[in-house]
>>> print(open('model20.json').read())   # JSON, C-alpha atoms and all ligand atoms
[["chain", "number", "residue", "atom", "x", "y", "z"],
["D", 162, "MET", "CA", 94.95, 108.90, 84.57],
["D", 163, "ASP", "CA", 95.98, 110.41, 87.89],
["D", 164, "THR", "CA", 97.19, 113.94, 88.29],
["D", 165, "LYS", "CA", 100.92, 114.54, 88.37],
["D", 166, "ILE", "CA", 102.43, 115.04, 91.83],
["D", 167, "ASP", "CA", 105.32, 117.51, 92.00],
["D", 168, "SER", "CA", 106.35, 116.71, 95.57],
["D", 169, "LEU", "CA", 108.83, 113.85, 96.02],
["D", 170, "GLY", "CA", 107.41, 113.00, 99.44],
["D", 171, "LEU", "CA", 103.84, 112.79, 98.20],
["D", 172, "ALA", "CA", 104.86, 110.74, 95.17],
["D", 173, "MET", "CA", 106.63, 108.27, 97.48],
["D", 174, "LEU", "CA", 103.70, 108.25, 99.92],
["D", 175, "HIS", "CA", 101.32, 107.35, 97.10],
["D", 176, "ALA", "CA", 103.84, 104.86, 95.62],
["D", 177, "LYS", "CA", 103.99, 106.64, 92.27],
["D", 178, "CYS", "CA", 106.51, 106.06, 89.50],
["D", 179, "PRO", "CA", 109.80, 107.87, 90.33],
["D", 180, "ARG", "CA", 110.14, 109.26, 86.80],
["D", 181, "CYS", "CA", 106.67, 110.64, 86.03],
["D", 182, "HIS", "CA", 105.11, 110.70, 89.55],
["D", 183, "GLN", "CA", 101.92, 109.61, 87.82],
["D", 184, "GLY", "CA", 101.75, 105.88, 87.27],
["D", 185, "ASP", "CA", 101.14, 103.58, 90.22],
["D", 186, "MET", "CA", 103.86, 101.13, 91.26],
["D", 187, "PHE", "CA", 101.35, 98.75, 92.81],
["D", 188, "GLN", "CA", 98.24, 97.31, 91.19],
["D", 189, "TYR", "CA", 96.09, 97.53, 94.34],
["D", 190, "LYS", "CA", 95.87, 99.65, 97.45],
["D", 191, "TRP", "CA", 97.72, 98.47, 100.58],
["D", 192, "TRP", "CA", 94.51, 97.67, 102.44],
["D", 193, "GLN", "CA", 93.52, 95.07, 99.84],
["D", 194, "LEU", "CA", 95.31, 92.47, 101.90],
["D", 195, "SER", "CA", 95.10, 89.51, 99.57],
["D", 196, "LYS", "CA", 96.79, 91.34, 96.71],
["D", 197, "PHE", "CA", 98.75, 94.31, 98.08],
["D", 198, "ILE", "CA", 101.90, 92.50, 96.90],
["D", 199, "LYS", "CA", 100.98, 92.74, 93.19],
["D", 200, "PHE", "CA", 103.37, 95.03, 91.44],
["D", 201, "HIS", "CA", 103.31, 96.68, 88.03],
["D", 202, "GLN", "CA", 106.32, 95.70, 85.89],
["D", 203, "ILE", "CA", 106.12, 98.84, 83.79],
["D", 204, "CYS", "CA", 104.76, 102.32, 84.53],
["D", 205, "SER", "CA", 101.38, 102.74, 82.88],
["D", 206, "GLU", "CA", 102.06, 106.44, 82.23],
["D", 207, "CYS", "CA", 105.69, 106.71, 81.06],
["D", 208, "GLY", "CA", 106.74, 103.11, 80.39],
["D", 209, "LEU", "CA", 109.53, 103.03, 82.98],
["D", 210, "ARG", "CA", 110.54, 99.50, 83.94],
["D", 211, "PHE", "CA", 110.21, 99.35, 87.76],
["D", 212, "ASP", "CA", 112.19, 96.15, 88.17],
["D", 213, "ARG", "CA", 115.36, 97.91, 86.99],
["D", 214, "GLU", "CA", 117.27, 94.66, 86.48],
["D", 215, "PRO", "CA", 116.51, 91.02, 87.32],
["D", 216, "GLY", "CA", 116.32, 90.69, 91.10],
["D", 217, "PHE", "CA", 116.54, 94.44, 91.64],
["D", 218, "PHE", "CA", 114.03, 94.43, 94.49],
["D", 219, "HIS", "CA", 115.95, 91.84, 96.52],
["D", 220, "GLY", "CA", 117.84, 94.87, 97.83],
["D", 221, "ALA", "CA", 114.59, 96.23, 99.26],
["D", 222, "MET", "CA", 114.87, 93.67, 102.05],
["D", 223, "TYR", "CA", 117.71, 95.72, 103.54],
["D", 224, "ILE", "CA", 115.33, 98.67, 103.69],
["D", 225, "SER", "CA", 112.57, 96.60, 105.28],
["D", 226, "TYR", "CA", 115.13, 95.16, 107.72],
["D", 227, "ALA", "CA", 116.14, 98.70, 108.73],
["D", 228, "MET", "CA", 112.46, 99.68, 109.08],
["D", 229, "ILE", "CA", 111.80, 96.65, 111.33],
["D", 230, "VAL", "CA", 114.85, 97.45, 113.49],
["D", 231, "ALA", "CA", 113.64, 101.06, 113.84],
["D", 232, "MET", "CA", 110.16, 99.79, 114.76],
["D", 233, "VAL", "CA", 111.54, 97.35, 117.36],
["D", 234, "VAL", "CA", 113.70, 100.08, 118.94],
["D", 235, "ASN", "CA", 110.70, 102.45, 119.10],
["D", 236, "VAL", "CA", 108.45, 99.76, 120.60],
["D", 237, "TRP", "CA", 111.12, 98.96, 123.17],
["D", 238, "LEU", "CA", 111.56, 102.65, 124.09],
["D", 239, "ILE", "CA", 107.80, 103.24, 124.37],
["D", 240, "LEU", "CA", 107.15, 100.09, 126.42],
["D", 241, "TYR", "CA", 110.14, 100.75, 128.65],
["D", 242, "PHE", "CA", 109.64, 104.46, 129.34],
["D", 243, "VAL", "CA", 105.88, 104.96, 128.87],
["D", 244, "PHE", "CA", 104.55, 101.61, 130.14],
["D", 245, "GLY", "CA", 107.16, 101.03, 132.84],
["D", 246, "ASP", "CA", 109.11, 98.04, 131.49],
["D", 247, "PRO", "CA", 106.45, 95.28, 131.29],
["D", 248, "ALA", "CA", 107.22, 91.54, 131.12],
["D", 249, "PHE", "CA", 109.33, 90.21, 128.24],
["D", 250, "GLU", "CA", 106.25, 88.47, 126.76],
["D", 251, "VAL", "CA", 104.58, 91.88, 126.32],
["D", 252, "TYR", "CA", 107.54, 93.13, 124.24],
["D", 253, "LEU", "CA", 107.46, 89.97, 122.17],
["D", 254, "THR", "CA", 103.68, 90.06, 121.61],
["D", 255, "VAL", "CA", 103.63, 93.74, 120.63],
["D", 256, "ILE", "CA", 106.56, 93.35, 118.23],
["D", 257, "ILE", "CA", 105.12, 90.25, 116.55],
["D", 258, "PHE", "CA", 101.69, 91.88, 116.32],
["D", 259, "LEU", "CA", 103.10, 95.07, 114.77],
["D", 260, "ASN", "CA", 105.21, 93.07, 112.31],
["D", 261, "ILE", "CA", 102.08, 91.31, 111.05],
["D", 262, "VAL", "CA", 99.91, 94.44, 111.00],
["D", 263, "LEU", "CA", 102.59, 96.56, 109.32],
["D", 264, "LEU", "CA", 103.58, 93.91, 106.77],
["D", 265, "PRO", "CA", 101.81, 95.60, 103.80],
["D", 266, "PHE", "CA", 103.29, 98.95, 104.81],
["D", 267, "LEU", "CA", 106.83, 97.55, 105.24],
["D", 268, "PHE", "CA", 106.66, 95.56, 102.02],
["D", 269, "ARG", "CA", 105.47, 98.47, 99.91],
["D", 270, "TYR", "CA", 107.54, 101.28, 101.32],
["D", 271, "SER", "CA", 110.74, 99.25, 101.37],
["D", 272, "ARG", "CA", 110.27, 98.84, 97.61],
["D", 273, "VAL", "CA", 109.28, 102.46, 97.08],
["D", 274, "ILE", "CA", 112.30, 103.75, 99.04],
["D", 275, "TYR", "CA", 114.63, 101.30, 97.32],
["D", 276, "LEU", "CA", 113.44, 102.24, 93.83],
["D", 277, "TYR", "CA", 113.65, 105.97, 94.56],
["D", 278, "ALA", "CA", 117.08, 105.67, 96.19],
["D", 279, "PHE", "CA", 118.80, 103.11, 93.94],
["D", 280, "GLY", "CA", 116.72, 102.96, 90.76],
["D", 281, "GLY", "CA", 118.83, 105.65, 89.07],
["D", 282, "VAL", "CA", 115.68, 107.45, 87.91],
["D", 283, "LYS", "CA", 115.08, 111.18, 88.11],
["D", 284, "PHE", "CA", 111.73, 112.97, 88.17],
["D", 285, "GLU", "CA", 111.00, 114.45, 84.74],
["D", 286, "LYS", "CA", 108.35, 117.08, 85.21],
["D", 287, "GLN", "CA", 107.60, 117.69, 81.55],
["D", 288, "LEU", "CA", 107.59, 114.02, 80.61],
["D", 289, "LYS", "CA", 104.86, 112.94, 78.25],
["D", 290, "LYS", "CA", 103.87, 109.38, 77.54],
["D", 291, "GLU", "CA", 104.92, 109.64, 73.90],
["D", 292, "ASP", "CA", 108.52, 110.55, 74.89],
["D", 293, "HIS", "CA", 109.38, 107.14, 76.29],
["D", 294, "LYS", "CA", 108.24, 103.80, 75.12],
["V", 301, "ZN", "ZN", 106.09, 106.70, 85.08]]
>>> encode(input="model20.json", output="structure tokens", more="lines below")
Ligand SMILES: [Zn+2]
Amino acid sequence: MDTKIDSLGLAMLHAKCPRCHQGDMFQYKWWQLSKFIKFHQICSECGLRFDREPGFFHGAMYISYAMIVAMVVNVWLILYFVFGDPAFEVYLTVIIFLNIVLLPFLFRYSRVIYLYAFGGVKFEKQLKKEDHK
């Protein structure tokens, strides 16, 4: 059992359950590249169902789309202003490379943000496992 995290930001950073901030949303760490996608259906600590309704996490693609757009804009700004507007192929290569490298990050945090924002779940500080089954 992990320790309870009071901070919302830290709970999101560590991909903890939005209700108890204790159970992990994902079964493996993000750097375990062959299985970072594996997701717990139910919180191991409080029993919250993460997939709030069938297909709930399809909405997370809007979050990952927004994250990719933000990344592309930042890459463009950095390449343009810091590296003096290199050839188009450089933009393309950097953006494709970052998309591949950041895939586990984008996948996980789009789901974390989506669940925290639209899951309709509030942090219950005093929650005990026996309270919810
Ligand atoms: Zn929980």
>>> atom_distance(input="model20.json", atom1="CA of Val262 in chain D", atom2="CA of Leu240 in chain D")
17.9 Å
>>> residues_near_ligand(input="model20.json", ligand="ligand ZN 301 (chain V)", cutoff="7 Å", atoms="all atoms listed in the file", output="ChimeraX atom specification")
/D:178-184,204-209
>>> atom_distance(input="model20.json", atom1="CA of Arg272 in chain D", atom2="CA of Tyr252 in chain D")
27.4 Å
>>> closest_residue(input="model20.json", among="D:Gln188, D:Asn235, D:Gln202, D:Ser225", to="Leu264 in chain D", atoms="only C-alpha atoms")
D:Ser225
>>> closest_residue(input="model20.json", among="D:Met222, D:Val234, D:Leu194, D:Leu259", to="Val273 in chain D", atoms="all atoms listed in the file")
D:Met222
>>> atom_distance(input="model20.json", atom1="CA of Ile224 in chain D", atom2="CA of Leu267 in chain D")
8.7 Å
>>> axis_aligned_box(input="model20.json", around="range 213-226 of chain D", padding_each_side="8 Å", output="lines of an AutoDock Vina configuration file")
center_x = 115.2
center_y = 94.7
center_z = 97.1
size_x = 21.3
size_y = 24.0
size_z = 37.2
>>> closest_residue(input="model20.json", among="D:Leu169, D:Ala231, D:Ala176, D:Val282", to="Ile256 in chain D", atoms="only C-alpha atoms")
D:Ala231
>>> closest_residue(input="model20.json", among="D:Ile229, D:Ser168, D:Asp212, D:Phe187", to="Ile261 in chain D", atoms="all atoms listed in the file")
D:Ile229
>>> closest_residue(input="model20.json", among="D:Leu174, D:Val251, D:Ile203, D:Ile239", to="Met186 in chain D", atoms="all atoms listed in the file")
D:Ile203
